[in-house]
>>> print(open('target03.cif').read())   # mmCIF, C-alpha atoms
data_structure
loop_
_atom_site.group_PDB
_atom_site.id
_atom_site.type_symbol
_atom_site.label_atom_id
_atom_site.label_comp_id
_atom_site.auth_asym_id
_atom_site.auth_seq_id
_atom_site.Cartn_x
_atom_site.Cartn_y
_atom_site.Cartn_z
ATOM 1 C CA MET A 1 88.493 166.697 119.883
ATOM 2 C CA LYS A 2 88.217 163.141 121.123
ATOM 3 C CA ILE A 3 87.609 160.410 118.601
ATOM 4 C CA SER A 4 85.932 157.421 120.143
ATOM 5 C CA ARG A 5 87.275 154.029 119.041
ATOM 6 C CA ARG A 6 84.937 151.646 117.468
ATOM 7 C CA PRO A 7 84.872 148.425 119.543
ATOM 8 C CA LEU A 8 85.964 145.380 117.543
ATOM 9 C CA ALA A 9 84.177 142.167 118.256
ATOM 10 C CA ALA A 10 86.392 139.112 117.906
ATOM 11 C CA THR A 11 83.979 136.245 117.484
ATOM 12 C CA VAL A 12 84.361 132.818 115.945
ATOM 13 C CA PRO A 13 82.323 132.771 112.775
ATOM 14 C CA SER A 14 79.402 130.462 113.268
ATOM 15 C CA MET A 15 79.769 129.284 109.687
ATOM 16 C CA ALA A 16 82.941 127.382 110.676
ATOM 17 C CA MET A 17 81.287 125.431 113.486
ATOM 18 C CA GLY A 18 80.137 122.669 111.166
ATOM 19 C CA ASP A 19 83.635 122.294 109.705
ATOM 20 C CA ILE A 20 85.217 122.178 113.156
ATOM 21 C CA ALA A 21 82.781 119.532 114.343
ATOM 22 C CA PHE A 22 83.362 117.480 111.207
ATOM 23 C CA ASN A 23 87.161 117.622 111.589
ATOM 24 C CA LEU A 24 86.875 116.591 115.234
ATOM 25 C CA LEU A 25 84.664 113.692 114.214
ATOM 26 C CA ILE A 26 87.236 112.461 111.670
ATOM 27 C CA PHE A 27 90.009 112.858 114.254
ATOM 28 C CA PHE A 28 88.229 110.662 116.791
ATOM 29 C CA VAL A 29 87.231 108.124 114.142
ATOM 30 C CA ILE A 30 90.922 107.729 113.224
ATOM 31 C CA LEU A 31 91.897 107.439 116.887
ATOM 32 C CA ALA A 32 89.286 104.787 117.519
ATOM 33 C CA LYS A 33 90.010 102.756 114.420
ATOM 34 C CA ALA A 34 93.796 102.856 114.300
ATOM 35 C CA THR A 35 95.163 99.791 116.006
ATOM 36 C CA ASP A 36 98.239 99.892 118.190
ATOM 37 C CA ASP A 37 100.274 97.782 115.809
ATOM 38 C CA SER A 38 99.687 99.889 112.709
ATOM 39 C CA HIS A 39 103.285 101.152 112.851
ATOM 40 C CA LEU A 40 104.795 97.657 112.540
ATOM 41 C CA GLN A 41 106.283 96.432 109.285
ATOM 42 C CA TRP A 42 104.990 93.106 107.998
ATOM 43 C CA ASP A 43 103.674 91.670 104.739
ATOM 44 C CA PRO A 44 100.724 89.286 104.984
ATOM 45 C CA ALA A 45 100.769 85.887 103.307
ATOM 46 C CA ASP A 46 98.067 85.270 100.720
ATOM 47 C CA THR A 47 95.451 82.569 100.418
ATOM 48 C CA ILE A 48 92.466 81.753 98.240
ATOM 49 C CA ASP A 49 89.641 82.001 100.719
ATOM 50 C CA VAL A 50 89.502 84.791 103.287
ATOM 51 C CA THR A 51 86.799 86.049 105.608
ATOM 52 C CA GLN A 52 86.406 89.226 107.644
ATOM 53 C CA ALA A 53 88.663 89.034 110.681
ATOM 54 C CA GLY A 54 86.510 91.300 112.833
ATOM 55 C CA ALA A 55 87.596 92.840 116.097
ATOM 56 C CA ALA A 56 89.721 91.028 118.649
ATOM 57 C CA LYS A 57 91.075 91.778 122.103
ATOM 58 C CA VAL A 58 94.441 90.261 121.285
ATOM 59 C CA SER A 59 96.607 90.954 118.278
ATOM 60 C CA ILE A 60 100.010 89.342 117.828
ATOM 61 C CA VAL A 61 102.474 90.485 115.201
ATOM 62 C CA ILE A 62 105.662 88.887 113.945
ATOM 63 C CA ASP A 63 107.298 91.651 111.970
ATOM 64 C CA ALA A 64 109.824 91.525 109.138
ATOM 65 C CA GLU A 65 112.641 91.273 111.695
ATOM 66 C CA SER A 66 110.929 88.294 113.405
ATOM 67 C CA LYS A 67 110.214 90.241 116.590
ATOM 68 C CA TYR A 68 107.073 89.469 118.589
ATOM 69 C CA TYR A 69 104.502 92.134 119.505
ATOM 70 C CA LEU A 70 101.416 91.716 121.660
ATOM 71 C CA ASN A 71 98.911 94.523 121.071
ATOM 72 C CA GLY A 72 101.722 96.696 119.742
ATOM 73 C CA GLN A 73 104.142 96.089 122.610
ATOM 74 C CA GLN A 74 107.264 94.023 122.040
ATOM 75 C CA ILE A 75 107.202 90.830 124.072
ATOM 76 C CA GLY A 76 109.252 87.689 124.627
ATOM 77 C CA ILE A 77 107.874 84.288 123.692
ATOM 78 C CA ALA A 78 107.930 83.055 127.315
ATOM 79 C CA GLN A 79 105.554 85.799 128.491
ATOM 80 C CA LEU A 80 103.151 85.402 125.597
ATOM 81 C CA ALA A 81 100.875 82.550 126.766
ATOM 82 C CA PRO A 82 100.250 83.957 130.299
ATOM 83 C CA GLN A 83 99.675 87.454 128.890
ATOM 84 C CA ILE A 84 97.134 86.192 126.349
ATOM 85 C CA GLU A 85 95.397 84.169 129.059
ATOM 86 C CA GLN A 86 95.230 87.261 131.244
ATOM 87 C CA ILE A 87 93.745 89.440 128.498
ATOM 88 C CA LEU A 88 91.228 86.840 127.380
ATOM 89 C CA GLY A 89 90.183 86.108 130.971
ATOM 90 C CA THR A 90 86.928 84.204 131.194
ATOM 91 C CA THR A 91 85.537 85.387 127.880
ATOM 92 C CA THR A 92 83.834 82.936 125.555
ATOM 93 C CA GLY A 93 83.123 82.467 121.859
ATOM 94 C CA ASP A 94 84.257 85.140 119.422
ATOM 95 C CA ASP A 95 85.779 87.190 122.248
ATOM 96 C CA ARG A 96 88.558 84.586 122.494
ATOM 97 C CA ARG A 97 89.679 85.377 118.967
ATOM 98 C CA VAL A 98 93.356 86.226 118.570
ATOM 99 C CA LEU A 99 94.540 88.029 115.445
ATOM 100 C CA LEU A 100 97.806 86.579 114.193
ATOM 101 C CA LYS A 101 99.709 88.871 111.856
ATOM 102 C CA VAL A 102 102.785 87.046 110.662
ATOM 103 C CA HIS A 103 105.239 88.341 108.085
ATOM 104 C CA ARG A 104 104.980 86.069 105.023
ATOM 105 C CA ASP A 105 108.644 85.033 105.147
ATOM 106 C CA ALA A 106 108.793 84.366 108.907
ATOM 107 C CA THR A 107 110.029 80.852 109.570
ATOM 108 C CA ALA A 108 108.430 78.013 111.558
ATOM 109 C CA ASN A 109 110.775 78.409 114.501
ATOM 110 C CA HIS A 110 109.211 81.867 114.986
ATOM 111 C CA PHE A 111 105.516 81.373 114.212
ATOM 112 C CA GLU A 112 104.921 77.872 115.629
ATOM 113 C CA PRO A 113 105.646 78.882 119.239
ATOM 114 C CA ILE A 114 103.052 81.647 118.823
ATOM 115 C CA ILE A 115 100.407 79.219 117.578
ATOM 116 C CA GLU A 116 101.250 76.925 120.478
ATOM 117 C CA ALA A 117 101.027 79.796 122.976
ATOM 118 C CA VAL A 118 97.596 80.858 121.685
ATOM 119 C CA SER A 119 96.427 77.262 121.778
ATOM 120 C CA GLU A 120 97.704 76.922 125.353
ATOM 121 C CA ALA A 121 95.865 80.083 126.372
ATOM 122 C CA GLY A 122 92.651 78.726 124.872
ATOM 123 C CA GLY A 123 92.377 81.323 122.131
ATOM 124 C CA THR A 124 91.003 80.911 118.632
ATOM 125 C CA ILE A 125 93.506 81.828 115.962
ATOM 126 C CA MET A 126 92.596 84.158 113.137
ATOM 127 C CA HIS A 127 95.438 84.312 110.626
ATOM 128 C CA VAL A 128 95.371 87.765 109.038
ATOM 129 C CA LEU A 129 95.936 87.155 105.323
ATOM 130 C CA GLU A 130 95.457 88.744 101.955
ATOM 131 C CA GLU A 131 93.244 87.299 99.256
ATOM 132 C CA LYS A 132 95.263 85.622 96.519
ATOM 133 C CA ARG A 133 94.912 87.395 93.196
ATOM 134 C CA LYS A 134 94.095 85.046 90.340
ATOM 135 C CA MET B 1 42.582 144.075 101.065
ATOM 136 C CA LYS B 2 45.955 143.291 99.739
ATOM 137 C CA VAL B 3 48.046 140.762 101.658
ATOM 138 C CA ARG B 4 51.746 141.299 101.406
ATOM 139 C CA ARG B 5 53.771 138.297 100.466
ATOM 140 C CA LYS B 6 56.486 137.230 102.760
ATOM 141 C CA CYS B 7 59.858 138.084 101.405
ATOM 142 C CA LYS B 8 61.708 134.806 100.640
ATOM 143 C CA LEU B 9 65.444 135.032 100.806
ATOM 144 C CA LEU B 10 67.584 132.685 98.807
ATOM 145 C CA VAL B 11 70.257 131.309 101.124
ATOM 146 C CA GLU B 12 73.375 130.300 99.270
ATOM 147 C CA PRO B 13 76.484 128.874 100.852
ATOM 148 C CA PRO B 14 79.301 131.354 100.562
ATOM 149 C CA SER B 15 81.527 130.529 97.631
ATOM 150 C CA SER B 16 84.611 131.060 99.795
ATOM 151 C CA ALA B 17 83.690 127.884 101.777
ATOM 152 C CA THR B 18 83.708 125.539 98.794
ATOM 153 C CA GLY B 19 87.455 125.001 99.168
ATOM 154 C CA ASP B 20 86.981 123.942 102.787
ATOM 155 C CA ILE B 21 84.120 121.644 101.873
ATOM 156 C CA ALA B 22 86.172 119.990 99.141
ATOM 157 C CA PHE B 23 89.108 119.555 101.519
ATOM 158 C CA ASN B 24 86.918 117.983 104.175
ATOM 159 C CA LEU B 25 85.393 115.628 101.641
ATOM 160 C CA ILE B 26 88.874 114.555 100.481
ATOM 161 C CA VAL B 27 89.929 113.886 104.086
ATOM 162 C CA PHE B 28 86.741 111.934 104.745
ATOM 163 C CA PHE B 29 87.136 109.616 101.761
ATOM 164 C CA LEU B 30 90.862 109.225 102.409
ATOM 165 C CA VAL B 31 90.130 108.052 105.958
ATOM 166 C CA CYS B 32 87.436 105.672 104.722
ATOM 167 C CA ALA B 33 89.809 104.192 102.150
ATOM 168 C CA SER B 34 92.764 103.810 104.497
ATOM 169 C CA ILE B 35 90.847 102.044 107.272
ATOM 170 C CA GLN B 36 90.225 98.663 105.733
ATOM 171 C CA PRO B 37 89.119 95.831 107.985
ATOM 172 C CA ASP B 38 91.470 92.871 108.356
ATOM 173 C CA SER B 39 90.651 89.684 106.540
ATOM 174 C CA GLY B 40 91.967 86.213 107.145
ATOM 175 C CA ARG B 41 91.308 82.584 108.004
ATOM 176 C CA LEU B 42 90.033 81.145 111.255
ATOM 177 C CA GLN B 43 91.860 78.126 112.583
ATOM 178 C CA GLU B 44 91.088 75.987 115.581
ATOM 179 C CA ILE B 45 94.017 74.045 116.892
ATOM 180 C CA PRO B 46 93.430 71.592 119.712
ATOM 181 C CA ARG B 47 95.370 72.023 122.935
ATOM 182 C CA SER B 48 98.672 70.232 123.172
ATOM 183 C CA GLU B 49 97.625 67.888 126.012
ATOM 184 C CA GLU B 50 94.772 66.454 123.937
ATOM 185 C CA ASN B 51 97.082 65.742 121.022
ATOM 186 C CA GLN B 52 99.351 63.547 123.086
ATOM 187 C CA GLU B 53 96.434 61.383 124.206
ATOM 188 C CA GLN B 54 95.097 61.033 120.696
ATOM 189 C CA LYS B 55 98.479 60.194 119.290
ATOM 190 C CA GLU B 56 98.641 57.107 121.449
ATOM 191 C CA GLU B 57 95.239 55.802 120.366
ATOM 192 C CA ILE B 58 95.104 56.202 116.603
ATOM 193 C CA GLU B 59 97.451 56.634 113.708
ATOM 194 C CA ASN B 60 97.092 60.061 112.206
ATOM 195 C CA ILE B 61 98.106 61.410 108.851
ATOM 196 C CA GLU B 62 101.462 63.154 109.022
ATOM 197 C CA ILE B 63 102.613 65.945 106.775
ATOM 198 C CA ALA B 64 106.160 67.193 107.023
ATOM 199 C CA LEU B 65 107.115 70.567 105.588
ATOM 200 C CA THR B 66 110.592 71.571 104.598
ATOM 201 C CA GLY B 67 112.211 74.542 102.905
ATOM 202 C CA ASN B 68 111.228 72.958 99.553
ATOM 203 C CA LEU B 69 108.123 74.881 98.501
ATOM 204 C CA ASN B 70 107.085 72.461 95.742
ATOM 205 C CA ALA B 71 106.775 69.259 97.740
ATOM 206 C CA VAL B 72 105.795 67.900 101.144
ATOM 207 C CA SER B 73 106.213 64.573 102.867
ATOM 208 C CA LEU B 74 102.878 62.771 103.348
ATOM 209 C CA ASN B 75 103.204 59.808 105.715
ATOM 210 C CA GLY B 76 106.826 59.531 104.640
ATOM 211 C CA ASP B 77 106.209 59.768 100.888
ATOM 212 C CA THR B 78 107.323 62.829 98.992
ATOM 213 C CA VAL B 79 104.287 64.399 97.336
ATOM 214 C CA ARG B 80 104.108 67.378 95.024
ATOM 215 C CA ILE B 81 102.022 70.300 96.240
ATOM 216 C CA THR B 82 99.780 69.956 93.185
ATOM 217 C CA GLU B 83 98.991 66.331 94.096
ATOM 218 C CA LEU B 84 98.496 66.934 97.818
ATOM 219 C CA GLU B 85 94.773 67.684 97.639
ATOM 220 C CA SER B 86 93.860 64.488 95.793
ATOM 221 C CA ARG B 87 96.068 62.323 98.021
ATOM 222 C CA LEU B 88 94.671 63.857 101.199
ATOM 223 C CA THR B 89 91.076 63.564 100.030
ATOM 224 C CA LYS B 90 91.685 59.864 99.390
ATOM 225 C CA LEU B 91 93.173 59.359 102.852
ATOM 226 C CA LEU B 92 90.415 61.272 104.667
ATOM 227 C CA LYS B 93 87.564 59.833 102.620
ATOM 228 C CA ASN B 94 86.609 56.958 104.908
ATOM 229 C CA LYS B 95 87.251 58.783 108.147
ATOM 230 C CA THR B 96 84.079 59.942 109.816
ATOM 231 C CA LYS B 97 85.081 60.710 113.400
ATOM 232 C CA PRO B 98 86.625 64.121 113.994
ATOM 233 C CA GLN B 99 89.543 62.603 115.926
ATOM 234 C CA ASP B 100 90.379 60.425 112.912
ATOM 235 C CA LYS B 101 90.613 63.486 110.703
ATOM 236 C CA ILE B 102 93.538 64.922 112.594
ATOM 237 C CA VAL B 103 96.471 65.767 110.358
ATOM 238 C CA ILE B 104 99.765 66.289 112.143
ATOM 239 C CA VAL B 105 101.827 69.053 110.581
ATOM 240 C CA LYS B 106 105.538 68.964 111.268
ATOM 241 C CA SER B 107 107.634 71.834 110.001
ATOM 242 C CA LYS B 108 111.357 72.229 109.649
ATOM 243 C CA THR B 109 112.605 75.378 111.310
ATOM 244 C CA ASP B 110 113.200 77.096 107.950
ATOM 245 C CA THR B 111 109.633 76.559 106.651
ATOM 246 C CA PRO B 112 108.252 79.957 105.587
ATOM 247 C CA TYR B 113 104.845 81.061 106.857
ATOM 248 C CA HIS B 114 103.307 81.514 103.381
ATOM 249 C CA HIS B 115 104.133 77.868 102.537
ATOM 250 C CA TRP B 116 102.682 76.690 105.855
ATOM 251 C CA ILE B 117 99.492 78.661 105.139
ATOM 252 C CA ASP B 118 99.207 77.143 101.636
ATOM 253 C CA VAL B 119 99.528 73.592 102.957
ATOM 254 C CA THR B 120 97.241 74.047 105.973
ATOM 255 C CA THR B 121 94.612 75.668 103.728
ATOM 256 C CA GLU B 122 94.620 72.545 101.544
ATOM 257 C CA ILE B 123 94.360 70.288 104.591
ATOM 258 C CA GLU B 124 91.341 72.199 105.883
ATOM 259 C CA GLN B 125 89.715 72.189 102.466
ATOM 260 C CA CYS B 126 90.041 68.399 102.386
ATOM 261 C CA GLY B 127 88.312 68.225 105.767
ATOM 262 C CA GLY B 128 91.380 67.599 107.905
ATOM 263 C CA GLN B 129 91.884 68.933 111.433
ATOM 264 C CA ILE B 130 95.288 70.512 111.810
ATOM 265 C CA THR B 131 97.538 69.724 114.726
ATOM 266 C CA ILE B 132 101.053 70.990 115.079
ATOM 267 C CA GLN B 133 103.834 68.791 116.292
ATOM 268 C CA ARG B 134 106.998 70.576 117.259
ATOM 269 C CA GLU B 135 110.352 69.089 117.965
ATOM 270 C CA GLU B 136 110.988 69.302 121.678
ATOM 271 C CA GLU B 137 113.921 71.422 122.664
ATOM 272 C CA GLN B 138 116.139 69.797 125.240
ATOM 273 C CA THR B 139 118.997 71.399 127.058
ATOM 274 C CA ILE B 140 121.708 68.949 127.939
ATOM 275 C CA GLN B 141 124.295 70.101 130.391
ATOM 276 C CA VAL B 142 127.712 68.688 129.763
ATOM 277 C CA GLN B 143 129.741 68.376 132.933
#
>>> encode(input="target03.cif", output="structure tokens")
Amino acid sequence: MKISRRPLAATVPSMAMGDIAFNLLIFFVILAKATDDSHLQWDPADTIDVTQAGAAKVSIVIDAESKYYLNGQQIGIAQLAPQIEQILGTTTGDDRRVLLKVHRDATANHFEPIIEAVSEAGGTIMHVLEEKRK
Amino acid sequence: MKVRRKCKLLVEPPSSATGDIAFNLIVFFLVCASIQPDSGRLQEIPRSEENQEQKEEIENIEIALTGNLNAVSLNGDTVRITELESRLTKLLKNKTKPQDKIVIVKSKTDTPYHHWIDVTTEIEQCGGQITIQREEEQTIQVQ
């Protein structure tokens, strides 16, 4: 006697669709929000009065080892001003904002050339700082 | 005539999914908490060419920073950080033009960033316009 096999349907349960969509949403939110320099090690200096930095096309980091990074890529000080100028292009107003993330113990011989380079490129400096705790 | 009521079914989420829901909620709030927007202080520094012109015309206030975190040099006088605000306010009081309010900040190479930020914050709070003056590096070839 022949016993016929029961066909098994392998389908994705529709109940999980919502979960999958939600996880994908979180994944893309993280991708969009995470900046390129999030892997760099630096401690911000603190000050009494801070405002929201907002988004910027250019982000410069001086890390704990006093190395320079432009949008997450290590760079030499000589290339900094022309690179910033190139990125900023002909933009105006808030679009010319440059985020400056300097390690709190970095010395003037490291951070002053950066400020000068941004100034030369016509950018507006936004020092990324922490609010001082009273 | 009797009309039959429609049979209403109570739809409950399966209890096996509550673990998944809780996990997703944890992930969601974790992501929200970890992505904090940057905060900071905006600073407008005039271009270096302009500074040179202005330097020739008027005498600006000069602040020199060193590795000493408790004091600065204000126009050559050593001033404690705690007294800087009152001294600067006095100096900037009668200055109305923006170009007169320029404060030249000179830093020794070992000046830490957090000290520079503290001093420049005070200058801006007193109404000063910060300008950086760096020592020019010269390479002299010895033959």
>>> resolve_selection(input="target03.cif", expression="the PyMOL selection byres ((chain A) within 6 of (chain B))", output="MDAnalysis selection string")
chainID A and resid 45 50:53 104:109 119:120 124:129
>>> write_last_selection(input="target03.cif", atoms="C-alpha atoms", output="CSV table (one decimal), in the coordinates of the input")
chain,number,residue,atom,x,y,z
A,45,ALA,CA,100.8,85.9,103.3
A,50,VAL,CA,89.5,84.8,103.3
A,51,THR,CA,86.8,86.0,105.6
A,52,GLN,CA,86.4,89.2,107.6
A,53,ALA,CA,88.7,89.0,110.7
A,104,ARG,CA,105.0,86.1,105.0
A,105,ASP,CA,108.6,85.0,105.1
A,106,ALA,CA,108.8,84.4,108.9
A,107,THR,CA,110.0,80.9,109.6
A,108,ALA,CA,108.4,78.0,111.6
A,109,ASN,CA,110.8,78.4,114.5
A,119,SER,CA,96.4,77.3,121.8
A,120,GLU,CA,97.7,76.9,125.4
A,124,THR,CA,91.0,80.9,118.6
A,125,ILE,CA,93.5,81.8,116.0
A,126,MET,CA,92.6,84.2,113.1
A,127,HIS,CA,95.4,84.3,110.6
A,128,VAL,CA,95.4,87.8,109.0
A,129,LEU,CA,95.9,87.2,105.3
>>> atom_distance(input="target03.cif", atom1="atom CA of Leu70 of chain A", atom2="atom CA of Phe27 of chain A")
25.1 Å
>>> resolve_selection(input="target03.cif", expression="the PyMOL selection byres ((chain A and resi 76) around 12)", output="number ranges by chain")
A: 60-62, 66-70, 73-75, 77-83, 110, 113-114, 117
>>> atom_distance(input="target03.cif", atom1="atom CA of Ile84 of chain A", atom2="atom CA of Ala56 of chain A")
11.7 Å
>>> atom_distance(input="target03.cif", atom1="atom CA of Ile87 of chain A", atom2="atom CA of Ile115 of chain A")
16.4 Å
>>> resolve_selection(input="target03.cif", expression="the PyMOL selection byres ((chain B and resi 72-85) around 12)", output="PyMOL selection string")
chain B and resi 59-71+86-93+103-108+111+115-116+118-128
>>> axis_aligned_box(input="target03.cif", around="segment 5-12 of chain A", padding_each_side="4 Å", output="AutoDock Vina command-line options")
--center_x 85.6 --center_y 143.4 --center_z 117.7 --size_x 11.3 --size_y 29.2 --size_z 11.6
>>> residues_around(input="target03.cif", residues="Asp94 of chain A", least_positions_apart="3", cutoff="10 Å", atoms="all atoms listed in the file", output="PyMOL selection string")
chain A and resi 54-57+91+97-98+123-124
>>> build_atoms(input="target03.cif", residues="segment 68-84 of chain A", atoms="N, CA, C and O atoms", output="PDB file, in the coordinates of the input")
ATOM      1  N   TYR A  68     108.457  89.711 118.171  1.00  0.00           N
ATOM      2  CA  TYR A  68     107.073  89.469 118.589  1.00  0.00           C
ATOM      3  C   TYR A  68     106.474  90.729 119.235  1.00  0.00           C
ATOM      4  O   TYR A  68     107.141  91.394 120.017  1.00  0.00           O
ATOM      5  N   TYR A  69     105.219  90.998 118.913  1.00  0.00           N
ATOM      6  CA  TYR A  69     104.502  92.134 119.505  1.00  0.00           C
ATOM      7  C   TYR A  69     103.108  91.664 119.937  1.00  0.00           C
ATOM      8  O   TYR A  69     102.417  91.012 119.167  1.00  0.00           O
ATOM      9  N   LEU A  70     102.766  92.013 121.160  1.00  0.00           N
ATOM     10  CA  LEU A  70     101.416  91.716 121.660  1.00  0.00           C
ATOM     11  C   LEU A  70     100.696  93.041 121.843  1.00  0.00           C
ATOM     12  O   LEU A  70     101.144  93.883 122.637  1.00  0.00           O
ATOM     13  N   ASN A  71      99.655  93.253 121.099  1.00  0.00           N
ATOM     14  CA  ASN A  71      98.911  94.523 121.071  1.00  0.00           C
ATOM     15  C   ASN A  71      99.847  95.725 120.929  1.00  0.00           C
ATOM     16  O   ASN A  71      99.706  96.746 121.613  1.00  0.00           O
ATOM     17  N   GLY A  72     100.810  95.591 120.054  1.00  0.00           N
ATOM     18  CA  GLY A  72     101.722  96.696 119.742  1.00  0.00           C
ATOM     19  C   GLY A  72     102.951  96.807 120.611  1.00  0.00           C
ATOM     20  O   GLY A  72     103.850  97.585 120.318  1.00  0.00           O
ATOM     21  N   GLN A  73     103.003  96.036 121.690  1.00  0.00           N
ATOM     22  CA  GLN A  73     104.142  96.089 122.610  1.00  0.00           C
ATOM     23  C   GLN A  73     105.045  94.877 122.383  1.00  0.00           C
ATOM     24  O   GLN A  73     104.542  93.752 122.342  1.00  0.00           O
ATOM     25  N   GLN A  74     106.344  95.137 122.252  1.00  0.00           N
ATOM     26  CA  GLN A  74     107.264  94.023 122.040  1.00  0.00           C
ATOM     27  C   GLN A  74     107.260  93.098 123.266  1.00  0.00           C
ATOM     28  O   GLN A  74     107.196  93.576 124.408  1.00  0.00           O
ATOM     29  N   ILE A  75     107.315  91.810 122.990  1.00  0.00           N
ATOM     30  CA  ILE A  75     107.202  90.830 124.072  1.00  0.00           C
ATOM     31  C   ILE A  75     108.077  89.608 123.764  1.00  0.00           C
ATOM     32  O   ILE A  75     108.337  89.298 122.597  1.00  0.00           O
ATOM     33  N   GLY A  76     108.491  88.927 124.802  1.00  0.00           N
ATOM     34  CA  GLY A  76     109.252  87.689 124.627  1.00  0.00           C
ATOM     35  C   GLY A  76     108.299  86.512 124.532  1.00  0.00           C
ATOM     36  O   GLY A  76     107.172  86.579 125.022  1.00  0.00           O
ATOM     37  N   ILE A  77     108.752  85.448 123.914  1.00  0.00           N
ATOM     38  CA  ILE A  77     107.874  84.288 123.692  1.00  0.00           C
ATOM     39  C   ILE A  77     107.424  83.647 125.008  1.00  0.00           C
ATOM     40  O   ILE A  77     106.303  83.154 125.107  1.00  0.00           O
ATOM     41  N   ALA A  78     108.270  83.691 126.035  1.00  0.00           N
ATOM     42  CA  ALA A  78     107.930  83.055 127.315  1.00  0.00           C
ATOM     43  C   ALA A  78     106.756  83.744 128.012  1.00  0.00           C
ATOM     44  O   ALA A  78     105.974  83.099 128.707  1.00  0.00           O
ATOM     45  N   GLN A  79     106.640  85.061 127.809  1.00  0.00           N
ATOM     46  CA  GLN A  79     105.554  85.799 128.491  1.00  0.00           C
ATOM     47  C   GLN A  79     104.237  85.771 127.712  1.00  0.00           C
ATOM     48  O   GLN A  79     103.207  86.225 128.207  1.00  0.00           O
ATOM     49  N   LEU A  80     104.307  85.285 126.490  1.00  0.00           N
ATOM     50  CA  LEU A  80     103.151  85.402 125.597  1.00  0.00           C
ATOM     51  C   LEU A  80     101.902  84.653 126.092  1.00  0.00           C
ATOM     52  O   LEU A  80     100.834  85.266 126.216  1.00  0.00           O
ATOM     53  N   ALA A  81     102.046  83.356 126.365  1.00  0.00           N
ATOM     54  CA  ALA A  81     100.875  82.550 126.766  1.00  0.00           C
ATOM     55  C   ALA A  81     100.196  83.111 128.019  1.00  0.00           C
ATOM     56  O   ALA A  81      98.968  83.310 128.015  1.00  0.00           O
ATOM     57  N   PRO A  82     100.945  83.402 129.113  1.00  0.00           N
ATOM     58  CA  PRO A  82     100.250  83.957 130.299  1.00  0.00           C
ATOM     59  C   PRO A  82      99.602  85.313 130.043  1.00  0.00           C
ATOM     60  O   PRO A  82      98.527  85.592 130.572  1.00  0.00           O
ATOM     61  N   GLN A  83     100.245  86.129 129.204  1.00  0.00           N
ATOM     62  CA  GLN A  83      99.675  87.454 128.890  1.00  0.00           C
ATOM     63  C   GLN A  83      98.361  87.315 128.119  1.00  0.00           C
ATOM     64  O   GLN A  83      97.397  88.016 128.406  1.00  0.00           O
ATOM     65  N   ILE A  84      98.359  86.402 127.147  1.00  0.00           N
ATOM     66  CA  ILE A  84      97.134  86.192 126.349  1.00  0.00           C
ATOM     67  C   ILE A  84      96.021  85.693 127.274  1.00  0.00           C
ATOM     68  O   ILE A  84      94.889  86.171 127.209  1.00  0.00           O
TER      69      ILE A  84
END
